[in-house]
file input_5.pdb (PDB, C-alpha atoms)
MODEL        1
ATOM      1  CA  MET A 769       0.000   0.000   0.000  1.00  0.00           C
ATOM      2  CA  ALA A 770       1.108   3.576  -0.616  1.00  0.00           C
ATOM      3  CA  ARG A 771       2.694   5.448   2.238  1.00  0.00           C
ATOM      4  CA  GLU A 772       2.157   9.203   2.487  1.00  0.00           C
ATOM      5  CA  LYS A 773       5.802   9.784   1.726  1.00  0.00           C
ATOM      6  CA  ASP A 774       5.427   7.905  -1.568  1.00  0.00           C
ATOM      7  CA  VAL A 775       2.613  10.048  -2.926  1.00  0.00           C
ATOM      8  CA  VAL A 776       3.548  12.065  -6.018  1.00  0.00           C
ATOM      9  CA  VAL A 777       1.602  15.184  -6.912  1.00  0.00           C
ATOM     10  CA  GLU A 778       0.254  14.872 -10.428  1.00  0.00           C
ATOM     11  CA  GLY A 779       0.763  17.873 -12.670  1.00  0.00           C
ATOM     12  CA  VAL A 780       3.423  19.464 -10.466  1.00  0.00           C
ATOM     13  CA  ASP A 781       6.699  20.446 -12.106  1.00  0.00           C
ATOM     14  CA  ALA A 782       9.748  18.506 -10.928  1.00  0.00           C
ATOM     15  CA  ILE A 783      11.262  21.636  -9.417  1.00  0.00           C
ATOM     16  CA  ASP A 784       8.226  21.937  -7.134  1.00  0.00           C
ATOM     17  CA  GLN A 785       7.902  18.249  -6.275  1.00  0.00           C
ATOM     18  CA  VAL A 786       8.310  17.458  -2.578  1.00  0.00           C
ATOM     19  CA  GLY A 787       7.588  14.335  -0.588  1.00  0.00           C
ATOM     20  CA  SER A 788       5.595  13.943   2.571  1.00  0.00           C
ATOM     21  CA  LEU A 789       6.682  15.873   5.638  1.00  0.00           C
ATOM     22  CA  ILE A 790       5.748  12.937   7.887  1.00  0.00           C
ATOM     23  CA  ASP A 791       8.535  10.459   8.561  1.00  0.00           C
ATOM     24  CA  ASP A 792       8.419   6.916   9.930  1.00  0.00           C
ATOM     25  CA  SER A 793       8.908   8.056  13.537  1.00  0.00           C
ATOM     26  CA  MET A 794       5.220   9.012  13.717  1.00  0.00           C
ATOM     27  CA  ASN A 795       4.144   5.507  12.644  1.00  0.00           C
ATOM     28  CA  VAL A 796       1.404   6.831  10.375  1.00  0.00           C
ATOM     29  CA  ARG A 797      -0.408   3.940   8.752  1.00  0.00           C
ATOM     30  CA  ASP A 798      -0.491   3.164   5.049  1.00  0.00           C
ATOM     31  CA  LEU A 799      -2.956   5.106   2.948  1.00  0.00           C
ATOM     32  CA  PRO A 800      -6.166   3.215   2.124  1.00  0.00           C
ATOM     33  CA  THR A 801      -6.203   1.507  -1.256  1.00  0.00           C
ATOM     34  CA  THR A 802      -9.961   1.659  -1.864  1.00  0.00           C
ATOM     35  CA  PRO A 803     -11.963   4.777  -2.815  1.00  0.00           C
ATOM     36  CA  ARG A 804     -14.241   4.221   0.170  1.00  0.00           C
ATOM     37  CA  GLY A 805     -11.291   3.946   2.514  1.00  0.00           C
ATOM     38  CA  ARG A 806      -9.735   7.119   1.145  1.00  0.00           C
ATOM     39  CA  ARG A 807     -13.024   8.998   1.505  1.00  0.00           C
ATOM     40  CA  THR A 808     -13.419   7.845   5.109  1.00  0.00           C
ATOM     41  CA  ARG A 809      -9.873   8.851   5.991  1.00  0.00           C
ATOM     42  CA  GLU A 810     -10.295  12.242   4.312  1.00  0.00           C
ATOM     43  CA  SER A 811     -13.528  12.748   6.243  1.00  0.00           C
ATOM     44  CA  LEU A 812     -11.723  12.028   9.514  1.00  0.00           C
ATOM     45  CA  VAL A 813      -8.919  14.443   8.658  1.00  0.00           C
ATOM     46  CA  ALA A 814     -11.391  17.173   7.691  1.00  0.00           C
ATOM     47  CA  ALA A 815     -13.361  16.600  10.914  1.00  0.00           C
ATOM     48  CA  ALA A 816     -10.168  16.667  12.966  1.00  0.00           C
ATOM     49  CA  ARG A 817      -9.233  20.017  11.464  1.00  0.00           C
ATOM     50  CA  VAL A 818     -12.578  21.461  12.560  1.00  0.00           C
ATOM     51  CA  VAL A 819     -12.102  20.153  16.100  1.00  0.00           C
ATOM     52  CA  PHE A 820      -8.461  21.195  16.418  1.00  0.00           C
ATOM     53  CA  GLU A 821      -9.182  24.710  15.161  1.00  0.00           C
ATOM     54  CA  ARG A 822     -12.183  24.994  17.474  1.00  0.00           C
ATOM     55  CA  ASP A 823     -10.820  23.404  20.649  1.00  0.00           C
ATOM     56  CA  GLY A 824      -7.051  23.499  20.290  1.00  0.00           C
ATOM     57  CA  PHE A 825      -4.756  20.476  20.318  1.00  0.00           C
ATOM     58  CA  LEU A 826      -4.728  19.775  24.047  1.00  0.00           C
ATOM     59  CA  ASN A 827      -8.500  20.000  24.475  1.00  0.00           C
ATOM     60  CA  ALA A 828      -9.423  18.118  21.314  1.00  0.00           C
ATOM     61  CA  ARG A 829     -10.863  14.649  21.986  1.00  0.00           C
ATOM     62  CA  LEU A 830     -11.099  11.658  19.701  1.00  0.00           C
ATOM     63  CA  VAL A 831     -14.800  11.315  20.519  1.00  0.00           C
ATOM     64  CA  ASP A 832     -15.366  14.850  19.235  1.00  0.00           C
ATOM     65  CA  ILE A 833     -13.468  14.095  16.033  1.00  0.00           C
ATOM     66  CA  THR A 834     -15.476  10.955  15.338  1.00  0.00           C
ATOM     67  CA  ALA A 835     -18.725  12.761  16.141  1.00  0.00           C
ATOM     68  CA  GLU A 836     -17.795  15.516  13.671  1.00  0.00           C
ATOM     69  CA  ALA A 837     -16.992  12.853  11.070  1.00  0.00           C
ATOM     70  CA  SER A 838     -20.176  10.877  11.897  1.00  0.00           C
ATOM     71  CA  CYS A 839     -18.257   7.651  12.454  1.00  0.00           C
ATOM     72  CA  SER A 840     -17.317   5.362  15.315  1.00  0.00           C
ATOM     73  CA  ILE A 841     -14.187   5.243  17.433  1.00  0.00           C
ATOM     74  CA  GLY A 842     -13.527   1.852  15.868  1.00  0.00           C
ATOM     75  CA  THR A 843     -13.453   3.455  12.442  1.00  0.00           C
ATOM     76  CA  PHE A 844     -10.969   6.036  13.710  1.00  0.00           C
ATOM     77  CA  TYR A 845      -8.607   3.307  14.872  1.00  0.00           C
ATOM     78  CA  THR A 846      -8.738   1.710  11.446  1.00  0.00           C
ATOM     79  CA  TYR A 847      -6.793   4.694  10.092  1.00  0.00           C
ATOM     80  CA  PHE A 848      -5.037   6.291  13.070  1.00  0.00           C
ATOM     81  CA  GLU A 849      -3.726   5.166  16.433  1.00  0.00           C
ATOM     82  CA  THR A 850      -3.483   8.468  18.310  1.00  0.00           C
ATOM     83  CA  LYS A 851      -4.555  12.088  18.348  1.00  0.00           C
ATOM     84  CA  GLU A 852      -0.981  12.990  17.438  1.00  0.00           C
ATOM     85  CA  GLN A 853      -1.157  10.929  14.252  1.00  0.00           C
ATOM     86  CA  ILE A 854      -4.323  12.557  12.968  1.00  0.00           C
ATOM     87  CA  PHE A 855      -2.997  16.002  13.890  1.00  0.00           C
ATOM     88  CA  ALA A 856       0.074  15.221  11.786  1.00  0.00           C
ATOM     89  CA  ALA A 857      -2.228  14.266   8.906  1.00  0.00           C
ATOM     90  CA  VAL A 858      -4.120  17.543   9.275  1.00  0.00           C
ATOM     91  CA  ILE A 859      -0.861  19.505   9.240  1.00  0.00           C
ATOM     92  CA  GLU A 860       0.360  17.510   6.238  1.00  0.00           C
ATOM     93  CA  ALA A 861      -2.765  18.479   4.288  1.00  0.00           C
ATOM     94  CA  ALA A 862      -2.356  22.142   5.217  1.00  0.00           C
ATOM     95  CA  ARG A 863       1.332  22.163   4.294  1.00  0.00           C
ATOM     96  CA  HIS A 864       0.480  20.509   0.976  1.00  0.00           C
ATOM     97  CA  ASP A 865      -1.934  23.372   0.304  1.00  0.00           C
ATOM     98  CA  MET A 866       0.829  25.864   1.078  1.00  0.00           C
ATOM     99  CA  LEU A 867       3.477  24.083  -0.989  1.00  0.00           C
ATOM    100  CA  HIS A 868       1.111  23.707  -3.967  1.00  0.00           C
ATOM    101  CA  PRO A 869      -1.380  26.571  -3.614  1.00  0.00           C
ATOM    102  CA  GLY A 870      -2.056  26.868  -7.338  1.00  0.00           C
ATOM    103  CA  MET A 871      -0.875  29.729  -9.508  1.00  0.00           C
ATOM    104  CA  PRO A 872      -2.185  31.388 -12.668  1.00  0.00           C
ATOM    105  CA  HIS A 873      -0.286  30.577 -15.851  1.00  0.00           C
ATOM    106  CA  LEU A 874       2.221  33.292 -16.674  1.00  0.00           C
ATOM    107  CA  ALA A 875       3.740  33.777 -20.104  1.00  0.00           C
ATOM    108  CA  ASP A 876       7.541  33.622 -20.227  1.00  0.00           C
ATOM    109  CA  GLU A 877       7.773  37.218 -21.413  1.00  0.00           C
ATOM    110  CA  GLU A 878       6.280  38.443 -18.145  1.00  0.00           C
ATOM    111  CA  GLY A 879       9.632  37.719 -16.506  1.00  0.00           C
ATOM    112  CA  PRO A 880      10.863  36.282 -13.194  1.00  0.00           C
ATOM    113  CA  ALA A 881       9.637  39.202 -11.077  1.00  0.00           C
ATOM    114  CA  ALA A 882       6.057  38.443 -12.140  1.00  0.00           C
ATOM    115  CA  VAL A 883       6.543  34.768 -11.232  1.00  0.00           C
ATOM    116  CA  ILE A 884       7.933  35.724  -7.805  1.00  0.00           C
ATOM    117  CA  GLU A 885       4.987  38.059  -7.239  1.00  0.00           C
ATOM    118  CA  ALA A 886       2.470  35.368  -8.203  1.00  0.00           C
ATOM    119  CA  SER A 887       4.249  32.817  -5.993  1.00  0.00           C
ATOM    120  CA  ASN A 888       4.240  35.161  -2.996  1.00  0.00           C
ATOM    121  CA  ARG A 889       0.563  35.972  -3.468  1.00  0.00           C
ATOM    122  CA  ALA A 890      -0.409  32.289  -3.754  1.00  0.00           C
ATOM    123  CA  TYR A 891       1.652  31.380  -0.687  1.00  0.00           C
ATOM    124  CA  LEU A 892       0.291  34.223   1.441  1.00  0.00           C
ATOM    125  CA  LEU A 893      -3.288  33.382   0.483  1.00  0.00           C
ATOM    126  CA  ALA A 894      -2.669  29.738   1.383  1.00  0.00           C
ATOM    127  CA  TYR A 895      -1.108  30.782   4.692  1.00  0.00           C
ATOM    128  CA  GLN A 896      -4.146  32.939   5.417  1.00  0.00           C
ATOM    129  CA  ARG A 897      -6.404  29.913   4.806  1.00  0.00           C
ATOM    130  CA  ASN A 898      -4.340  27.798   7.194  1.00  0.00           C
ATOM    131  CA  ALA A 899      -3.367  30.418   9.776  1.00  0.00           C
ATOM    132  CA  LYS A 900      -5.148  28.769  12.726  1.00  0.00           C
ATOM    133  CA  LEU A 901      -3.367  25.485  12.055  1.00  0.00           C
ATOM    134  CA  MET A 902       0.010  27.204  11.705  1.00  0.00           C
ATOM    135  CA  TRP A 903      -0.548  28.825  15.080  1.00  0.00           C
ATOM    136  CA  LEU A 904      -1.472  25.446  16.582  1.00  0.00           C
ATOM    137  CA  MET A 905       1.560  23.828  14.967  1.00  0.00           C
ATOM    138  CA  GLN A 906       3.802  26.423  16.580  1.00  0.00           C
ATOM    139  CA  GLN A 907       2.288  25.666  19.983  1.00  0.00           C
ATOM    140  CA  VAL A 908       2.460  21.897  19.668  1.00  0.00           C
ATOM    141  CA  SER A 909       6.034  21.950  18.353  1.00  0.00           C
ATOM    142  CA  MET A 910       7.113  23.622  21.593  1.00  0.00           C
ATOM    143  CA  ILE A 911       5.909  20.671  23.686  1.00  0.00           C
ATOM    144  CA  ASP A 912       6.375  17.719  21.338  1.00  0.00           C
ATOM    145  CA  PRO A 913       9.818  17.066  19.785  1.00  0.00           C
ATOM    146  CA  GLU A 914       8.309  15.084  16.885  1.00  0.00           C
ATOM    147  CA  PHE A 915       6.234  18.049  15.800  1.00  0.00           C
ATOM    148  CA  GLU A 916       9.222  20.343  16.123  1.00  0.00           C
ATOM    149  CA  LYS A 917      10.990  18.026  13.672  1.00  0.00           C
ATOM    150  CA  LEU A 918       7.933  18.193  11.401  1.00  0.00           C
ATOM    151  CA  ARG A 919       7.969  22.004  11.544  1.00  0.00           C
ATOM    152  CA  ALA A 920      11.702  22.067  10.761  1.00  0.00           C
ATOM    153  CA  ARG A 921      11.268  19.658   7.822  1.00  0.00           C
ATOM    154  CA  SER A 922       8.556  21.872   6.423  1.00  0.00           C
ATOM    155  CA  ALA A 923      10.793  24.955   6.551  1.00  0.00           C
ATOM    156  CA  MET A 924      13.593  22.955   4.947  1.00  0.00           C
ATOM    157  CA  ARG A 925      11.352  21.802   2.071  1.00  0.00           C
ATOM    158  CA  PHE A 926      10.262  25.356   1.316  1.00  0.00           C
ATOM    159  CA  GLY A 927      13.891  26.461   1.362  1.00  0.00           C
ATOM    160  CA  GLU A 928      15.044  23.601  -0.874  1.00  0.00           C
ATOM    161  CA  ARG A 929      12.362  24.304  -3.460  1.00  0.00           C
ATOM    162  CA  ASN A 930      13.190  27.998  -3.529  1.00  0.00           C
ATOM    163  CA  MET A 931      16.900  27.189  -3.760  1.00  0.00           C
ATOM    164  CA  ARG A 932      16.218  25.207  -6.948  1.00  0.00           C
ATOM    165  CA  ARG A 933      14.292  28.145  -8.353  1.00  0.00           C
ATOM    166  CA  ILE A 934      17.089  30.593  -7.518  1.00  0.00           C
ATOM    167  CA  LYS A 935      19.721  28.345  -9.089  1.00  0.00           C
ATOM    168  CA  LEU A 936      17.629  28.136 -12.249  1.00  0.00           C
ATOM    169  CA  LEU A 937      17.437  31.934 -12.411  1.00  0.00           C
ATOM    170  CA  GLN A 938      21.205  32.129 -11.938  1.00  0.00           C
ATOM    171  CA  GLU A 939      21.799  29.602 -14.701  1.00  0.00           C
ATOM    172  CA  LYS A 940      19.630  31.694 -17.036  1.00  0.00           C
ATOM    173  CA  GLY A 941      21.557  34.845 -16.153  1.00  0.00           C
ATOM    174  CA  LEU A 942      18.522  36.423 -14.481  1.00  0.00           C
ATOM    175  CA  ALA A 943      19.850  36.547 -10.896  1.00  0.00           C
ATOM    176  CA  ASP A 944      23.164  37.501  -9.310  1.00  0.00           C
ATOM    177  CA  PRO A 945      25.394  34.405  -9.692  1.00  0.00           C
ATOM    178  CA  SER A 946      27.604  35.449  -6.757  1.00  0.00           C
ATOM    179  CA  ILE A 947      24.772  34.920  -4.262  1.00  0.00           C
ATOM    180  CA  ASP A 948      24.750  31.659  -2.301  1.00  0.00           C
ATOM    181  CA  ALA A 949      21.478  30.141  -3.540  1.00  0.00           C
ATOM    182  CA  GLU A 950      20.972  27.946  -0.468  1.00  0.00           C
ATOM    183  CA  LEU A 951      21.470  30.738   2.061  1.00  0.00           C
ATOM    184  CA  ALA A 952      19.432  33.199   0.012  1.00  0.00           C
ATOM    185  CA  ALA A 953      16.560  30.741  -0.303  1.00  0.00           C
ATOM    186  CA  ARG A 954      16.548  30.059   3.423  1.00  0.00           C
ATOM    187  CA  ALA A 955      16.680  33.739   4.346  1.00  0.00           C
ATOM    188  CA  LEU A 956      13.998  34.838   1.894  1.00  0.00           C
ATOM    189  CA  SER A 957      11.713  31.876   2.617  1.00  0.00           C
ATOM    190  CA  LEU A 958      11.922  32.428   6.378  1.00  0.00           C
ATOM    191  CA  MET A 959      11.264  36.126   5.884  1.00  0.00           C
ATOM    192  CA  VAL A 960       8.002  35.488   4.039  1.00  0.00           C
ATOM    193  CA  SER A 961       6.836  32.686   6.340  1.00  0.00           C
ATOM    194  CA  ARG A 962       7.589  34.714   9.472  1.00  0.00           C
ATOM    195  CA  ILE A 963       5.717  37.808   8.311  1.00  0.00           C
ATOM    196  CA  ALA A 964       2.826  35.558   7.274  1.00  0.00           C
ATOM    197  CA  PHE A 965       2.796  33.984  10.756  1.00  0.00           C
ATOM    198  CA  GLU A 966       2.825  37.343  12.519  1.00  0.00           C
ATOM    199  CA  VAL A 967       0.141  38.886  10.316  1.00  0.00           C
ATOM    200  CA  PHE A 968      -2.249  35.974   9.815  1.00  0.00           C
ATOM    201  CA  ALA A 969      -1.658  33.700  12.823  1.00  0.00           C
ATOM    202  CA  LEU A 970      -0.866  36.299  15.503  1.00  0.00           C
ATOM    203  CA  GLY A 971      -2.865  39.167  14.019  1.00  0.00           C
ATOM    204  CA  GLU A 972       0.032  41.601  14.338  1.00  0.00           C
ATOM    205  CA  GLY A 973       1.010  44.338  11.902  1.00  0.00           C
ATOM    206  CA  PRO A 974      -0.648  45.461   8.645  1.00  0.00           C
ATOM    207  CA  ARG A 975      -3.037  42.958   7.104  1.00  0.00           C
ATOM    208  CA  ASP A 976      -3.407  44.290   3.573  1.00  0.00           C
ATOM    209  CA  LEU A 977      -2.534  41.376   1.309  1.00  0.00           C
ATOM    210  CA  GLU A 978      -1.387  43.497  -1.611  1.00  0.00           C
ATOM    211  CA  ASP A 979       1.002  45.477   0.595  1.00  0.00           C
ATOM    212  CA  LEU A 980       2.479  42.217   1.862  1.00  0.00           C
ATOM    213  CA  VAL A 981       2.834  40.798  -1.647  1.00  0.00           C
ATOM    214  CA  GLU A 982       4.420  43.981  -2.984  1.00  0.00           C
ATOM    215  CA  THR A 983       6.935  44.307  -0.147  1.00  0.00           C
ATOM    216  CA  CYS A 984       7.943  40.634  -0.103  1.00  0.00           C
ATOM    217  CA  THR A 985       8.329  40.643  -3.885  1.00  0.00           C
ATOM    218  CA  LYS A 986      10.529  43.754  -3.846  1.00  0.00           C
ATOM    219  CA  LEU A 987      12.766  42.191  -1.191  1.00  0.00           C
ATOM    220  CA  TRP A 988      13.079  38.997  -3.259  1.00  0.00           C
ATOM    221  CA  VAL A 989      13.779  40.838  -6.509  1.00  0.00           C
ATOM    222  CA  ASN A 990      16.196  43.347  -4.986  1.00  0.00           C
ATOM    223  CA  GLY A 991      17.933  40.739  -2.859  1.00  0.00           C
ATOM    224  CA  LEU A 992      18.616  38.459  -5.834  1.00  0.00           C
ATOM    225  CA  LYS A 993      19.298  41.377  -8.231  1.00  0.00           C
ATOM    226  CA  ILE A 994      16.705  39.995 -10.618  1.00  0.00           C
ATOM    227  CA  THR A 995      17.035  41.152 -14.208  1.00  0.00           C
ATOM    228  CA  SER A 996      14.410  41.168 -16.950  1.00  0.00           C
ATOM    229  CA  LEU A 997      14.107  38.476 -19.608  1.00  0.00           C
ATOM    230  CA  ASN A 998      14.270  41.167 -22.262  1.00  0.00           C
TER     231      ASN A 998
ENDMDL
END
call {"tool": "encode", "arguments": {"input": "input_5.pdb", "output": "structure tokens"}}
result
Amino acid sequence: MAREKDVVVEGVDAIDQVGSLIDDSMNVRDLPTTPRGRRTRESLVAAARVVFERDGFLNARLVDITAEASCSIGTFYTYFETKEQIFAAVIEAARHDMLHPGMPHLADEEGPAAVIEASNRAYLLAYQRNAKLMWLMQQVSMIDPEFEKLRARSAMRFGERNMRRIKLLQEKGLADPSIDAELAARALSLMVSRIAFEVFALGEGPRDLEDLVETCTKLWVNGLKITSLN
């Protein structure tokens, strides 16, 4: 049976392809192989998200999750063993949304700055959708080492993907080749994710999306010394 880490996202360019953030230490069970099984598991994960966002991680109960999903405790244990496992599945789904938020098609002649702007807007919108979970993830990672590892892996995956994008720009002569792509990707990725956390999860600072997109894009473009395609 397919493990979460083996799932490949159809239609996603190789440069954006990332595996599951959940490793074997969490003992997450194999994904169901039948359509009915997948639907039941997805229903449990969706119900768990509602309960976690409403009650928080510590106060969430399995009985509330199964009630929200209109299934039995026995059904829950078919797919998950613990509250921690289903919380990891909820976070995995949210992170997938943020890693692959969907972007409009941009013509090549629009240039790399337009792609960076579209990427920042898609990411920030996805973060806004998942802000409550990101706040919960921050809390849980402070008390559970496994979730701190999950949080760190997520940051690493974002950085690795952006590093590949920066290297591609450098190879095309569109970004400063003297910049360390790995360090730049980490710095710029953390910058955007941190401002998103403060604005959307903590409710601090200006909340105008377009201002955020414009500022983050300028910092990316100026930091990498992006040049036009023309």
call {"tool": "resolve_selection", "arguments": {"input": "input_5.pdb", "expression": "the PyMOL selection byres ((chain A and resi 832) around 12)", "output": "VMD selection string"}}
result
chain A and resid 812 815 to 820 822 to 823 827 to 831 833 to 841 844 851
call {"tool": "atom_distance", "arguments": {"input": "input_5.pdb", "atom1": "atom CA of His868 of chain A", "atom2": "atom CA of Leu893 of chain A"}}
result
11.5 Å
call {"tool": "resolve_selection", "arguments": {"input": "input_5.pdb", "expression": "the PyMOL selection byres ((chain A and resi 945) around 12)", "output": "ChimeraX atom specification"}}
result
/A:934-944,946-949,952,991-995
call {"tool": "resolve_selection", "arguments": {"input": "input_5.pdb", "expression": "the PyMOL selection byres ((chain A and resi 958) around 12)", "output": "PDB file with C-alpha atoms, keeping the file's coordinate frame"}}
result
ATOM      1  CA  ALA A 920      11.702  22.067  10.761  1.00  0.00           C
ATOM      2  CA  SER A 922       8.556  21.872   6.423  1.00  0.00           C
ATOM      3  CA  ALA A 923      10.793  24.955   6.551  1.00  0.00           C
ATOM      4  CA  MET A 924      13.593  22.955   4.947  1.00  0.00           C
ATOM      5  CA  ARG A 925      11.352  21.802   2.071  1.00  0.00           C
ATOM      6  CA  PHE A 926      10.262  25.356   1.316  1.00  0.00           C
ATOM      7  CA  GLY A 927      13.891  26.461   1.362  1.00  0.00           C
ATOM      8  CA  GLU A 928      15.044  23.601  -0.874  1.00  0.00           C
ATOM      9  CA  ASN A 930      13.190  27.998  -3.529  1.00  0.00           C
ATOM     10  CA  LEU A 951      21.470  30.738   2.061  1.00  0.00           C
ATOM     11  CA  ALA A 952      19.432  33.199   0.012  1.00  0.00           C
ATOM     12  CA  ALA A 953      16.560  30.741  -0.303  1.00  0.00           C
ATOM     13  CA  ARG A 954      16.548  30.059   3.423  1.00  0.00           C
ATOM     14  CA  ALA A 955      16.680  33.739   4.346  1.00  0.00           C
ATOM     15  CA  LEU A 956      13.998  34.838   1.894  1.00  0.00           C
ATOM     16  CA  SER A 957      11.713  31.876   2.617  1.00  0.00           C
ATOM     17  CA  MET A 959      11.264  36.126   5.884  1.00  0.00           C
ATOM     18  CA  VAL A 960       8.002  35.488   4.039  1.00  0.00           C
ATOM     19  CA  SER A 961       6.836  32.686   6.340  1.00  0.00           C
ATOM     20  CA  ARG A 962       7.589  34.714   9.472  1.00  0.00           C
ATOM     21  CA  ILE A 963       5.717  37.808   8.311  1.00  0.00           C
ATOM     22  CA  ALA A 964       2.826  35.558   7.274  1.00  0.00           C
ATOM     23  CA  PHE A 965       2.796  33.984  10.756  1.00  0.00           C
ATOM     24  CA  CYS A 984       7.943  40.634  -0.103  1.00  0.00           C
ATOM     25  CA  TRP A 988      13.079  38.997  -3.259  1.00  0.00           C
TER      26      TRP A 988
END
call {"tool": "atom_distance", "arguments": {"input": "input_5.pdb", "atom1": "atom CA of Ile854 of chain A", "atom2": "atom CA of Arg804 of chain A"}}
result
18.2 Å
call {"tool": "atom_distance", "arguments": {"input": "input_5.pdb", "atom1": "atom CA of Gly824 of chain A", "atom2": "atom CA of Glu852 of chain A"}}
result
12.5 Å
